[in-house]
$ cat data.txt   # compact mmCIF, C-alpha atoms
# COMPACT_ATOMS: atom_id res chain seq x y z
CA MET A 1 88.94 36.74 -57.55
CA LYS A 2 89.55 34.73 -60.68
CA ASN A 3 87.60 31.72 -59.32
CA LYS A 4 84.70 33.94 -58.31
CA PHE A 5 84.57 35.39 -61.80
CA ILE A 6 84.47 31.91 -63.35
CA TYR A 7 81.58 30.90 -60.94
CA LEU A 8 79.57 33.99 -61.88
CA VAL A 9 79.86 33.03 -65.50
CA ILE A 10 79.04 29.33 -64.98
CA ALA A 11 76.09 29.74 -62.47
CA PRO A 12 73.72 31.41 -64.96
CA LEU A 13 74.64 28.77 -67.51
CA LEU A 14 73.72 25.98 -65.03
CA ILE A 15 70.38 27.60 -64.32
CA ALA A 16 69.74 28.11 -67.99
CA CYS A 17 70.51 24.46 -68.62
CA GLY A 18 67.93 23.36 -66.05
CA GLY A 19 70.21 22.94 -63.02
CA GLU A 20 69.23 24.64 -59.71
CA ALA A 21 71.88 26.23 -57.54
CA THR A 22 71.94 25.33 -53.81
CA ILE A 23 71.56 27.92 -51.02
CA ASP A 24 75.28 27.80 -50.32
CA GLU A 25 76.04 28.33 -54.00
CA LEU A 26 73.67 31.30 -54.18
CA ILE A 27 75.26 32.89 -51.10
CA ALA A 28 78.73 32.22 -52.50
CA SER A 29 77.75 33.88 -55.78
CA GLY A 30 76.94 37.12 -53.99
CA ASP A 31 73.98 37.71 -56.33
CA THR A 32 71.65 39.56 -53.92
CA SER A 33 68.84 39.61 -56.43
CA ALA A 34 68.91 35.82 -56.83
CA ILE A 35 69.18 35.34 -53.04
CA ALA A 36 66.14 37.60 -52.43
CA THR A 37 64.17 35.71 -55.06
CA LYS A 38 65.05 32.40 -53.38
CA LYS A 39 63.96 33.77 -49.99
CA THR A 40 60.57 34.81 -51.38
CA GLU A 41 60.17 31.38 -52.94
CA LEU A 42 60.91 29.62 -49.63
CA LEU A 43 58.53 31.88 -47.66
CA ASN A 44 55.75 31.05 -50.10
CA GLN A 45 56.46 27.34 -49.66
CA LYS A 46 56.37 27.77 -45.88
CA LYS A 47 52.98 29.50 -46.02
CA GLU A 48 51.59 26.77 -48.26
CA LEU A 49 52.76 24.10 -45.79
CA GLU A 50 51.24 25.94 -42.81
CA ASP A 51 47.91 26.26 -44.62
CA GLU A 52 47.96 22.55 -45.42
CA ILE A 53 48.71 21.66 -41.78
CA LYS A 54 45.85 23.88 -40.56
CA ALA A 55 43.49 22.23 -43.01
CA ILE A 56 44.49 18.80 -41.74
CA GLU A 57 44.07 19.84 -38.07
CA LYS A 58 40.65 21.33 -38.81
CA TYR A 59 39.53 18.14 -40.48
CA LEU A 60 40.75 16.03 -37.56
CA ASP A 61 39.05 18.32 -35.04
CA GLU A 62 35.74 18.22 -36.90
CA ASN A 63 35.71 14.54 -37.75
CA VAL A 64 38.04 12.28 -35.80
CA GLU A 65 37.39 13.91 -32.37
CA LYS A 66 33.63 13.96 -32.89
CA ARG A 67 33.70 10.35 -33.97
CA GLU A 68 36.05 9.07 -31.28
CA GLY A 69 35.30 11.65 -28.56
CA ALA A 70 37.44 14.18 -26.70
CA LEU A 71 39.40 12.74 -23.78
CA VAL A 72 38.11 14.08 -20.41
CA THR A 73 37.97 13.24 -16.72
CA THR A 74 34.81 13.28 -14.63
CA ALA A 75 33.70 13.40 -11.01
CA THR A 76 30.45 12.24 -9.44
CA VAL A 77 28.78 14.91 -7.31
CA ASN A 78 27.78 14.08 -3.73
CA ASP A 79 26.36 16.23 -0.96
CA THR A 80 28.75 17.06 1.86
CA LEU A 81 29.30 19.35 4.82
CA PHE A 82 30.32 22.85 3.71
CA THR A 83 31.74 25.40 6.13
CA HIS A 84 32.51 28.91 4.95
CA TYR A 85 34.78 31.34 6.79
CA ILE A 86 35.60 35.02 6.55
CA GLU A 87 39.18 36.01 7.32
CA LEU A 88 40.00 39.03 9.49
CA GLN A 89 42.99 40.25 11.45
CA GLY A 90 43.07 41.49 15.04
CA SER A 91 45.39 41.85 18.01
CA VAL A 92 45.39 40.31 21.46
CA ASP A 93 44.33 42.39 24.44
CA THR A 94 43.48 41.90 28.09
CA LYS A 95 41.18 43.81 30.40
CA GLN A 96 43.66 43.26 33.24
CA ASN A 97 46.55 45.30 31.90
CA ILE A 98 46.88 48.48 33.93
CA THR A 99 49.40 51.03 35.14
CA LEU A 100 49.18 51.55 38.92
CA MET A 101 49.41 55.22 39.89
CA ALA A 102 50.32 56.81 43.22
CA GLU A 103 47.25 57.80 45.26
CA SER A 104 49.06 59.94 47.80
CA ALA A 105 51.96 62.39 47.75
CA GLY A 106 55.29 61.63 49.35
CA VAL A 107 58.48 59.65 49.04
CA LEU A 108 58.31 56.08 47.78
CA THR A 109 59.97 54.53 50.83
CA ASN A 110 59.66 50.83 49.96
CA VAL A 111 59.21 48.72 46.82
CA TYR A 112 58.42 45.10 47.72
CA VAL A 113 58.30 43.51 44.24
CA THR A 114 60.51 43.09 41.17
CA GLU A 115 59.81 42.88 37.45
CA GLY A 116 58.44 39.50 36.38
CA GLN A 117 57.21 38.66 39.89
CA ARG A 118 53.78 37.07 40.15
CA VAL A 119 51.53 38.70 42.77
CA THR A 120 48.10 37.94 44.15
CA LYS A 121 45.13 40.22 44.62
CA GLY A 122 45.57 42.46 47.68
CA GLN A 123 49.33 41.81 47.98
CA ARG A 124 51.40 44.81 49.15
CA LEU A 125 53.55 46.18 46.34
CA ALA A 126 55.01 49.43 47.72
CA LYS A 127 54.85 51.94 50.60
CA ILE A 128 54.68 55.74 50.34
CA ASP A 129 55.69 57.98 53.24
CA ASP A 130 52.43 58.91 54.99
CA GLY A 131 53.65 62.30 56.18
CA GLY A 132 52.79 61.64 59.84
CA ILE A 133 49.18 60.53 59.25
CA ALA A 134 49.70 57.41 61.37
CA GLN A 135 50.76 59.55 64.37
CA GLN A 136 47.76 61.84 63.90
CA ILE A 137 45.48 58.82 63.96
CA GLU A 138 46.95 57.66 67.29
CA GLN A 139 46.34 61.10 68.81
CA MET A 140 42.81 61.17 67.45
CA LYS A 141 42.15 57.74 68.96
CA VAL A 142 43.01 59.13 72.40
CA GLN A 143 40.56 61.98 71.89
CA ALA A 144 37.99 59.55 70.54
CA GLN A 145 38.35 57.40 73.66
CA LEU A 146 37.67 60.43 75.84
CA ALA A 147 34.66 61.34 73.70
CA LYS A 148 33.41 57.79 74.03
CA THR A 149 33.71 57.81 77.82
CA THR A 150 31.91 61.15 78.03
CA PHE A 151 29.14 59.93 75.77
CA GLU A 152 28.64 56.71 77.73
CA ARG A 153 28.31 58.67 81.02
CA GLN A 154 25.86 61.11 79.52
CA GLN A 155 23.89 58.20 78.13
CA ARG A 156 23.62 56.52 81.55
CA LEU A 157 22.48 59.79 83.13
CA TRP A 158 19.99 60.37 80.35
CA ASP A 159 18.61 56.87 80.82
CA GLN A 160 17.99 57.84 84.50
CA ASN A 161 16.36 61.12 83.43
CA ILE A 162 19.27 63.07 84.85
CA GLY A 163 20.77 66.00 82.93
CA SER A 164 19.55 67.77 79.83
CA GLU A 165 18.93 66.28 76.44
CA ILE A 166 21.24 68.80 74.76
CA GLN A 167 24.18 67.58 76.86
CA TYR A 168 23.46 64.00 75.80
CA LEU A 169 23.20 64.93 72.11
CA GLN A 170 26.39 67.01 72.21
CA ALA A 171 28.33 64.11 73.74
CA LYS A 172 26.95 61.71 71.14
CA ALA A 173 27.77 64.06 68.24
CA ASN A 174 31.28 64.65 69.52
CA TYR A 175 31.95 60.92 69.81
CA GLU A 176 30.60 60.15 66.32
CA SER A 177 32.58 63.07 64.87
CA GLN A 178 35.79 61.68 66.34
CA GLN A 179 35.04 58.24 64.89
CA ASN A 180 34.35 59.65 61.42
CA ALA A 181 37.55 61.70 61.53
CA ILE A 182 39.56 58.60 62.41
CA ASN A 183 37.94 56.60 59.59
CA SER A 184 38.76 59.38 57.13
CA MET A 185 42.37 59.55 58.23
CA GLN A 186 42.67 55.76 58.03
CA GLN A 187 41.44 55.86 54.44
CA GLN A 188 44.12 58.42 53.62
CA LEU A 189 46.70 56.26 55.36
CA ALA A 190 45.61 53.22 53.29
CA LYS A 191 46.44 55.16 50.12
CA SER A 192 50.07 55.23 51.17
CA VAL A 193 50.20 51.44 50.73
CA VAL A 194 50.05 50.25 47.10
CA THR A 195 48.37 46.85 46.69
CA ALA A 196 47.59 44.62 43.69
CA PRO A 197 43.98 45.06 42.47
CA PHE A 198 44.07 41.61 40.84
CA THR A 199 46.32 38.59 40.49
CA GLY A 200 48.94 38.98 37.78
CA VAL A 201 52.58 39.65 36.91
CA ILE A 202 54.58 42.82 37.54
CA ASP A 203 55.55 43.63 33.97
CA ASP A 204 57.41 46.83 34.77
CA VAL A 205 58.61 48.69 37.87
CA ILE A 206 58.32 52.24 36.57
CA THR A 207 59.29 54.30 39.64
CA GLU A 208 62.17 53.22 41.83
CA GLN A 209 62.38 53.44 45.61
CA GLY A 210 63.31 56.86 46.95
CA ASN A 211 61.53 58.94 44.30
CA VAL A 212 58.93 61.56 45.21
CA VAL A 213 55.50 60.67 43.82
CA SER A 214 52.30 62.63 43.26
CA PRO A 215 48.73 61.30 43.35
CA GLY A 216 47.29 60.51 39.90
CA MET A 217 50.45 61.70 38.14
CA THR A 218 53.26 59.29 38.99
CA PRO A 219 53.04 55.75 37.48
CA LEU A 220 54.46 53.10 39.76
CA PHE A 221 53.98 49.64 38.20
CA ARG A 222 52.50 47.91 35.17
CA LEU A 223 50.45 44.90 36.27
CA VAL A 224 49.32 42.35 33.66
CA ASN A 225 47.21 39.23 33.89
CA LEU A 226 47.77 36.93 30.88
CA ASN A 227 45.14 34.37 31.88
CA ASP A 228 42.03 36.28 30.74
CA MET A 229 42.94 37.45 27.23
CA TYR A 230 40.81 38.19 24.18
CA ILE A 231 40.84 39.49 20.62
CA GLU A 232 38.61 42.37 19.61
CA VAL A 233 37.98 42.82 15.88
CA GLU A 234 35.63 44.87 13.71
CA VAL A 235 33.34 42.95 11.35
CA PRO A 236 31.51 44.45 8.32
CA GLU A 237 27.82 45.00 9.02
CA THR A 238 26.84 42.61 6.20
CA TYR A 239 27.70 39.72 8.56
CA ILE A 240 25.60 40.96 11.48
CA THR A 241 23.06 38.11 11.15
CA ALA A 242 25.70 35.43 10.47
CA ILE A 243 28.17 36.20 13.26
CA LYS A 244 26.88 36.28 16.81
CA GLU A 245 27.67 34.95 20.27
CA GLY A 246 28.80 31.32 20.05
CA THR A 247 30.03 31.50 16.44
CA GLN A 248 33.07 29.26 15.86
CA VAL A 249 36.43 30.96 15.26
CA ASN A 250 39.81 29.54 14.24
CA VAL A 251 42.62 31.65 15.73
CA ASP A 252 46.10 31.61 14.19
CA PHE A 253 49.17 33.35 15.64
CA PRO A 254 51.63 33.52 12.69
CA VAL A 255 54.55 34.71 14.82
CA LEU A 256 54.19 31.83 17.30
CA GLY A 257 53.12 29.18 14.81
CA GLU A 258 50.24 28.31 17.15
CA GLN A 259 46.55 27.80 16.44
CA MET A 260 43.51 27.35 18.63
CA GLU A 261 39.74 27.01 18.46
CA SER A 262 37.50 29.57 20.12
CA LYS A 263 34.03 31.12 19.92
CA VAL A 264 32.63 34.63 19.82
CA ARG A 265 32.07 35.67 23.45
CA GLN A 266 30.44 39.03 22.83
CA SER A 267 28.92 40.79 19.83
CA SER A 268 28.40 44.54 19.88
CA SER A 269 24.88 45.95 19.53
CA PHE A 270 26.27 49.15 18.00
CA ILE A 271 27.31 49.71 14.37
CA ASN A 272 30.08 52.22 13.84
CA PRO A 273 28.72 54.78 11.33
CA ALA A 274 32.24 55.70 10.21
CA ASN A 275 33.11 52.29 8.72
CA ARG A 276 29.79 50.40 8.97
CA SER A 277 31.15 47.67 11.21
CA PHE A 278 30.46 46.12 14.60
CA LYS A 279 32.86 44.69 17.17
CA ILE A 280 33.13 41.14 18.40
CA GLU A 281 35.20 39.76 21.26
CA ILE A 282 36.89 36.35 21.12
CA PRO A 283 38.53 34.82 24.22
CA VAL A 284 41.91 33.11 23.81
CA THR A 285 43.68 30.71 26.10
CA ASN A 286 47.34 31.08 27.00
CA GLU A 287 48.47 27.64 28.08
CA SER A 288 51.95 28.09 26.61
CA GLY A 289 52.38 31.57 28.11
CA ASN A 290 53.59 32.91 24.75
CA VAL A 291 50.49 34.94 23.92
CA LYS A 292 51.10 38.59 24.80
CA PRO A 293 48.99 41.76 24.55
CA ASN A 294 49.09 43.38 21.08
CA LEU A 295 50.17 40.10 19.43
CA THR A 296 48.81 39.86 15.85
CA ALA A 297 46.22 37.15 15.21
CA ARG A 298 44.52 35.92 12.04
CA LEU A 299 40.91 34.90 12.46
CA LYS A 300 38.77 32.57 10.37
CA ILE A 301 35.19 33.15 11.48
CA ASN A 302 32.51 30.65 10.50
CA ASP A 303 29.74 32.70 8.88
CA TYR A 304 27.95 29.94 6.96
CA THR A 305 27.45 26.17 7.30
CA SER A 306 25.47 23.76 5.14
CA GLU A 307 25.23 20.09 6.07
CA ASN A 308 24.11 18.86 2.61
CA ALA A 309 25.97 21.12 0.20
CA ILE A 310 26.83 20.40 -3.43
CA LEU A 311 30.47 21.37 -4.03
CA ILE A 312 32.32 21.46 -7.36
CA PRO A 313 35.74 22.85 -8.38
CA LEU A 314 35.74 26.50 -9.34
CA ALA A 315 37.76 25.73 -12.49
CA VAL A 316 34.95 23.73 -14.16
CA ILE A 317 32.49 26.66 -14.22
CA ASN A 318 32.05 28.43 -17.55
CA GLU A 319 30.07 31.51 -18.53
CA ASN A 320 28.04 32.11 -21.69
CA GLN A 321 27.55 35.33 -23.63
CA ASP A 322 24.56 36.25 -21.47
CA GLY A 323 26.62 36.06 -18.28
CA ASP A 324 24.96 32.82 -17.12
CA GLN A 325 27.20 30.27 -15.43
CA TYR A 326 27.14 26.63 -16.50
CA VAL A 327 29.00 23.34 -16.19
CA MET A 328 29.31 20.40 -18.57
CA ILE A 329 27.64 17.16 -17.49
CA ALA A 330 28.48 13.69 -18.80
CA THR A 331 25.28 11.84 -19.76
CA ASP A 332 24.47 8.48 -21.39
CA ILE A 333 27.67 6.95 -20.08
CA THR A 334 28.48 3.56 -21.65
CA GLU A 335 31.39 1.15 -21.47
CA ASN A 336 33.38 1.07 -24.70
CA GLY A 337 36.53 -0.98 -24.36
CA GLU A 338 39.44 0.95 -22.88
CA TYR A 339 37.37 4.11 -22.30
CA ARG A 340 33.83 4.95 -21.25
CA THR A 341 31.97 7.16 -23.67
CA ALA A 342 29.38 9.82 -22.87
CA ILE A 343 27.54 12.80 -24.30
CA ALA A 344 28.38 16.26 -22.95
CA LYS A 345 25.43 18.39 -21.88
CA ARG A 346 25.40 22.00 -20.71
CA ARG A 347 23.76 22.65 -17.32
CA LEU A 348 23.00 26.17 -16.08
CA ILE A 349 23.79 26.65 -12.38
CA THR A 350 23.37 29.10 -9.52
CA ALA A 351 26.58 29.37 -7.52
CA GLY A 352 26.85 30.24 -3.83
CA LYS A 353 29.83 30.82 -1.57
CA THR A 354 33.40 29.86 -2.45
CA SER A 355 36.00 28.29 -0.19
CA ASP A 356 39.41 26.76 -1.02
CA ASN A 357 38.69 26.77 -4.80
CA MET A 358 35.42 24.91 -4.26
CA VAL A 359 32.00 26.44 -5.00
CA GLU A 360 28.66 25.57 -3.44
CA ILE A 361 25.99 25.02 -6.11
CA LEU A 362 22.56 26.19 -5.01
CA GLU A 363 20.66 25.18 -8.17
CA GLY A 364 21.34 23.19 -11.32
CA ILE A 365 23.23 20.15 -10.05
CA ASN A 366 21.93 17.22 -8.00
CA PRO A 367 23.71 14.46 -6.08
CA GLY A 368 24.76 11.70 -8.46
CA ASP A 369 25.35 13.96 -11.46
CA VAL A 370 28.65 13.38 -13.27
CA ILE A 371 30.46 16.61 -14.11
CA ILE A 372 33.31 16.94 -16.60
CA VAL A 373 36.46 18.19 -14.87
CA GLU A 374 39.53 18.06 -17.13
CA GLY A 375 38.56 19.22 -20.61
CA ALA A 376 35.38 20.93 -19.42
CA ARG A 377 36.25 24.18 -21.18
CA SER A 378 36.98 22.55 -24.55
CA VAL A 379 33.93 20.30 -25.05
CA LYS A 380 30.69 21.49 -26.59
CA GLU A 381 26.99 20.73 -26.20
CA ASP A 382 26.05 17.19 -27.42
CA GLN A 383 29.68 16.36 -28.16
CA GLN A 384 30.76 12.78 -27.58
CA VAL A 385 33.57 12.41 -25.04
CA ARG A 386 35.83 9.66 -23.81
CA ILE A 387 36.25 9.34 -20.06
CA LYS A 388 39.60 8.36 -18.65
CA ALA A 389 39.49 5.32 -16.42

$ encode --input "data.txt" --output "structure tokens"
Amino acid sequence: MKNKFIYLVIAPLLIACGGEATIDELIASGDTSAIATKKTELLNQKKELEDEIKAIEKYLDENVEKREGALVTTATVNDTLFTHYIELQGSVDTKQNITLMAESAGVLTNVYVTEGQRVTKGQRLAKIDDGGIAQQIEQMKVQAQLAKTTFERQQRLWDQNIGSEIQYLQAKANYESQQNAINSMQQQLAKSVVTAPFTGVIDDVITEQGNVVSPGMTPLFRLVNLNDMYIEVEVPETYITAIKEGTQVNVDFPVLGEQMESKVRQSSSFINPANRSFKIEIPVTNESGNVKPNLTARLKINDYTSENAILIPLAVINENQDGDQYVMIATDITENGEYRTAIAKRRLITAGKTSDNMVEILEGINPGDVIIVEGARSVKEDQQVRIKA
């Protein structure tokens, strides 16, 4: 306490004598008024230094850079093939993916296939108890044979002008009636045998042997053919003139990590009024066997192609206060030691479609023009620039 008192007495004397206390000495003195005054003094010095630095930077920007040129990179524009795609998402489907239903009533007496088994068109899959129809057919065949014999005899007599015409016609009608009845019963009997309507794989055996089935109500099997598969997707109506049959499509299956090339097989002639879109169908191959119905697919559909397109990076395009787009062009390029020098010129452009951060330029740039890439947003009209080698 005694030392502090002595310092408080001596510090003002040092200041009065022309000496300046250090920051540590001021803090040690505990004189808050003097400390606050010192802080204000330092802040003023800081502001003066910042103003001086800004003045120096402004001078360098306005004089040195104009004289020596801003450092930029350039690229020479050439025409190239440009392919634009729209991206949509769809799912895989197949027209041969059906559930086979029972066509007759009875007990499912036999199931001849198992899940995962490959079957061919017309192959027998199951048998339903026919309820005695086969026996009825055999009895009807006996009656039909008698009707046939009677008809043939009446026909011979009629050819000899013996007997009446009505007897001949009755015999003929009876015989034909028996034949039609047999054909009808045979058709019913055929429904008791379940066959494959197309070649494919038994994906699911739904009803097991021994169950009672009903026509049109009891599902028996799910049969799927994975060879003829397709993707159906809805496309906005604005692309109706660009996307048609034969349009190229890149198909990506994210889950499988597989890609393939395909083309639009069918384009709908109807526009859905609810969402203003039309459907297209894209066939897909299944060489690996991994593509399944309802699998998600990402589609890149080629809606525009230009063989001699002018492409520039999207990042070099600027916009003025009127909303016009422009790029900076390097003109009057000359060799100047380590760097090439040029004059920056503003060029108004008309941009087209964009793909992968590249923009097609419809008007304003010609093949051979040199555009400024790095530093394009910082240079000004008629400013001299230095081009990196």

$ residues_around --input "data.txt" --residues "A:Arg153" --least-positions-apart "5" --cutoff "10 Å" --atoms "only C-alpha atoms" --output "JSON, numbers by chain"
{"A": [148, 158, 159, 168, 171]}

$ closest_residue --input "data.txt" --among "A:Leu348, A:Val291, A:Ile53, A:Leu100" --to "A:Phe198" --atoms "all atoms listed in the file"
A:Leu100

$ closest_residue --input "data.txt" --among "A:Ser91, A:Gln188, A:Ser288, A:Ser355" --to "A:Asn227" --atoms "only C-alpha atoms"
A:Ser288

$ residues_around --input "data.txt" --residues "A:Ala297" --least-positions-apart "5" --cutoff "6 Å" --atoms "all atoms listed in the file" --output "ChimeraX atom specification"
/A:89-91,252-253

$ closest_residue --input "data.txt" --among "A:Val201, A:Leu220, A:Ile301, A:Glu237" --to "A:Pro273" --atoms "all atoms listed in the file"
A:Glu237

$ atom_distance --input "data.txt" --atom1 "atom CA of A:Gly163" --atom2 "atom CA of A:Asn180"
26.2 Å

$ atom_distance --input "data.txt" --atom1 "atom CA of A:Asp203" --atom2 "atom CA of A:Pro293"
11.6 Å

$ atom_distance --input "data.txt" --atom1 "atom CA of A:Val205" --atom2 "atom CA of A:Met101"
11.5 Å

$ closest_residue --input "data.txt" --among "A:Thr350, A:Leu88, A:Thr99, A:Gly364" --to "A:Val233" --atoms "all atoms listed in the file"
A:Leu88

$ closest_residue --input "data.txt" --among "A:Met328, A:Ala344, A:Leu189, A:Leu125" --to "A:Leu223" --atoms "only C-alpha atoms"
A:Leu125

$ decode --input "data.txt" --residues "stretch 273-282 of chain A" --atoms "all heavy atoms" --output "mmCIF file, in the first residue's frame"
data_model
loop_
_atom_site.group_PDB
_atom_site.id
_atom_site.type_symbol
_atom_site.label_atom_id
_atom_site.label_comp_id
_atom_site.auth_asym_id
_atom_site.auth_seq_id
_atom_site.Cartn_x
_atom_site.Cartn_y
_atom_site.Cartn_z
ATOM 1 N N PRO A 273 -54.374 -33.853 -68.504
ATOM 2 C CA PRO A 273 -54.767 -32.480 -68.131
ATOM 3 C C PRO A 273 -54.517 -32.164 -66.667
ATOM 4 O O PRO A 273 -54.469 -30.996 -66.285
ATOM 5 C CB PRO A 273 -56.263 -32.444 -68.457
ATOM 6 C CG PRO A 273 -56.705 -33.873 -68.375
ATOM 7 C CD PRO A 273 -55.537 -34.696 -68.834
ATOM 8 N N ALA A 274 -54.352 -33.184 -65.833
ATOM 9 C CA ALA A 274 -54.152 -32.949 -64.400
ATOM 10 C C ALA A 274 -52.775 -32.369 -64.107
ATOM 11 O O ALA A 274 -52.625 -31.476 -63.276
ATOM 12 C CB ALA A 274 -54.359 -34.241 -63.625
ATOM 13 N N ASN A 275 -51.729 -32.869 -64.791
ATOM 14 C CA ASN A 275 -50.374 -32.385 -64.529
ATOM 15 C C ASN A 275 -49.645 -31.921 -65.780
ATOM 16 O O ASN A 275 -48.435 -31.660 -65.742
ATOM 17 C CB ASN A 275 -49.549 -33.470 -63.832
ATOM 18 C CG ASN A 275 -49.501 -34.762 -64.632
ATOM 19 O OD1 ASN A 275 -49.940 -34.817 -65.781
ATOM 20 N ND2 ASN A 275 -48.978 -35.814 -64.026
ATOM 21 N N ARG A 276 -50.365 -31.832 -66.907
ATOM 22 C CA ARG A 276 -49.804 -31.340 -68.171
ATOM 23 C C ARG A 276 -48.535 -32.101 -68.549
ATOM 24 O O ARG A 276 -47.456 -31.537 -68.761
ATOM 25 C CB ARG A 276 -49.497 -29.845 -68.093
ATOM 26 C CG ARG A 276 -50.619 -28.964 -67.580
ATOM 27 C CD ARG A 276 -51.903 -29.160 -68.366
ATOM 28 N NE ARG A 276 -51.738 -28.962 -69.791
ATOM 29 C CZ ARG A 276 -52.699 -29.187 -70.701
ATOM 30 N NH1 ARG A 276 -53.880 -29.645 -70.301
ATOM 31 N NH2 ARG A 276 -52.482 -28.974 -71.965
ATOM 32 N N SER A 277 -48.639 -33.406 -68.604
ATOM 33 C CA SER A 277 -47.505 -34.243 -68.969
ATOM 34 C C SER A 277 -47.962 -35.354 -69.894
ATOM 35 O O SER A 277 -49.144 -35.653 -70.005
ATOM 36 C CB SER A 277 -46.840 -34.839 -67.725
ATOM 37 O OG SER A 277 -47.720 -35.742 -67.080
ATOM 38 N N PHE A 278 -46.984 -35.969 -70.568
ATOM 39 C CA PHE A 278 -47.264 -37.126 -71.420
ATOM 40 C C PHE A 278 -46.301 -38.251 -71.048
ATOM 41 O O PHE A 278 -45.222 -38.009 -70.502
ATOM 42 C CB PHE A 278 -47.137 -36.761 -72.902
ATOM 43 C CG PHE A 278 -45.748 -36.363 -73.328
ATOM 44 C CD1 PHE A 278 -44.898 -37.263 -73.943
ATOM 45 C CD2 PHE A 278 -45.292 -35.062 -73.113
ATOM 46 C CE1 PHE A 278 -43.618 -36.893 -74.326
ATOM 47 C CE2 PHE A 278 -44.015 -34.675 -73.494
ATOM 48 C CZ PHE A 278 -43.178 -35.588 -74.109
ATOM 49 N N LYS A 279 -46.694 -39.476 -71.343
ATOM 50 C CA LYS A 279 -45.903 -40.636 -70.940
ATOM 51 C C LYS A 279 -44.995 -41.106 -72.077
ATOM 52 O O LYS A 279 -45.353 -41.029 -73.247
ATOM 53 C CB LYS A 279 -46.818 -41.788 -70.517
ATOM 54 C CG LYS A 279 -47.576 -41.526 -69.222
ATOM 55 C CD LYS A 279 -48.414 -42.732 -68.838
ATOM 56 C CE LYS A 279 -49.160 -42.496 -67.517
ATOM 57 N NZ LYS A 279 -49.968 -43.673 -67.126
ATOM 58 N N ILE A 280 -43.834 -41.588 -71.680
ATOM 59 C CA ILE A 280 -42.939 -42.248 -72.623
ATOM 60 C C ILE A 280 -42.538 -43.594 -72.037
ATOM 61 O O ILE A 280 -42.553 -43.793 -70.828
ATOM 62 C CB ILE A 280 -41.683 -41.411 -72.924
ATOM 63 C CG1 ILE A 280 -40.883 -41.148 -71.643
ATOM 64 C CG2 ILE A 280 -42.043 -40.112 -73.610
ATOM 65 C CD1 ILE A 280 -39.544 -40.489 -71.885
ATOM 66 N N GLU A 281 -42.192 -44.508 -72.928
ATOM 67 C CA GLU A 281 -41.805 -45.862 -72.510
ATOM 68 C C GLU A 281 -40.405 -46.148 -73.022
ATOM 69 O O GLU A 281 -40.107 -45.948 -74.200
ATOM 70 C CB GLU A 281 -42.800 -46.875 -73.067
ATOM 71 C CG GLU A 281 -42.593 -48.291 -72.571
ATOM 72 C CD GLU A 281 -43.666 -49.239 -73.082
ATOM 73 O OE1 GLU A 281 -44.840 -49.048 -72.701
ATOM 74 O OE2 GLU A 281 -43.332 -50.146 -73.879
ATOM 75 N N ILE A 282 -39.538 -46.630 -72.116
ATOM 76 C CA ILE A 282 -38.132 -46.871 -72.436
ATOM 77 C C ILE A 282 -37.792 -48.323 -72.125
ATOM 78 O O ILE A 282 -37.885 -48.738 -70.960
ATOM 79 C CB ILE A 282 -37.228 -45.934 -71.622
ATOM 80 C CG1 ILE A 282 -37.608 -44.478 -71.895
ATOM 81 C CG2 ILE A 282 -35.766 -46.185 -71.916
ATOM 82 C CD1 ILE A 282 -37.285 -43.546 -70.787
#
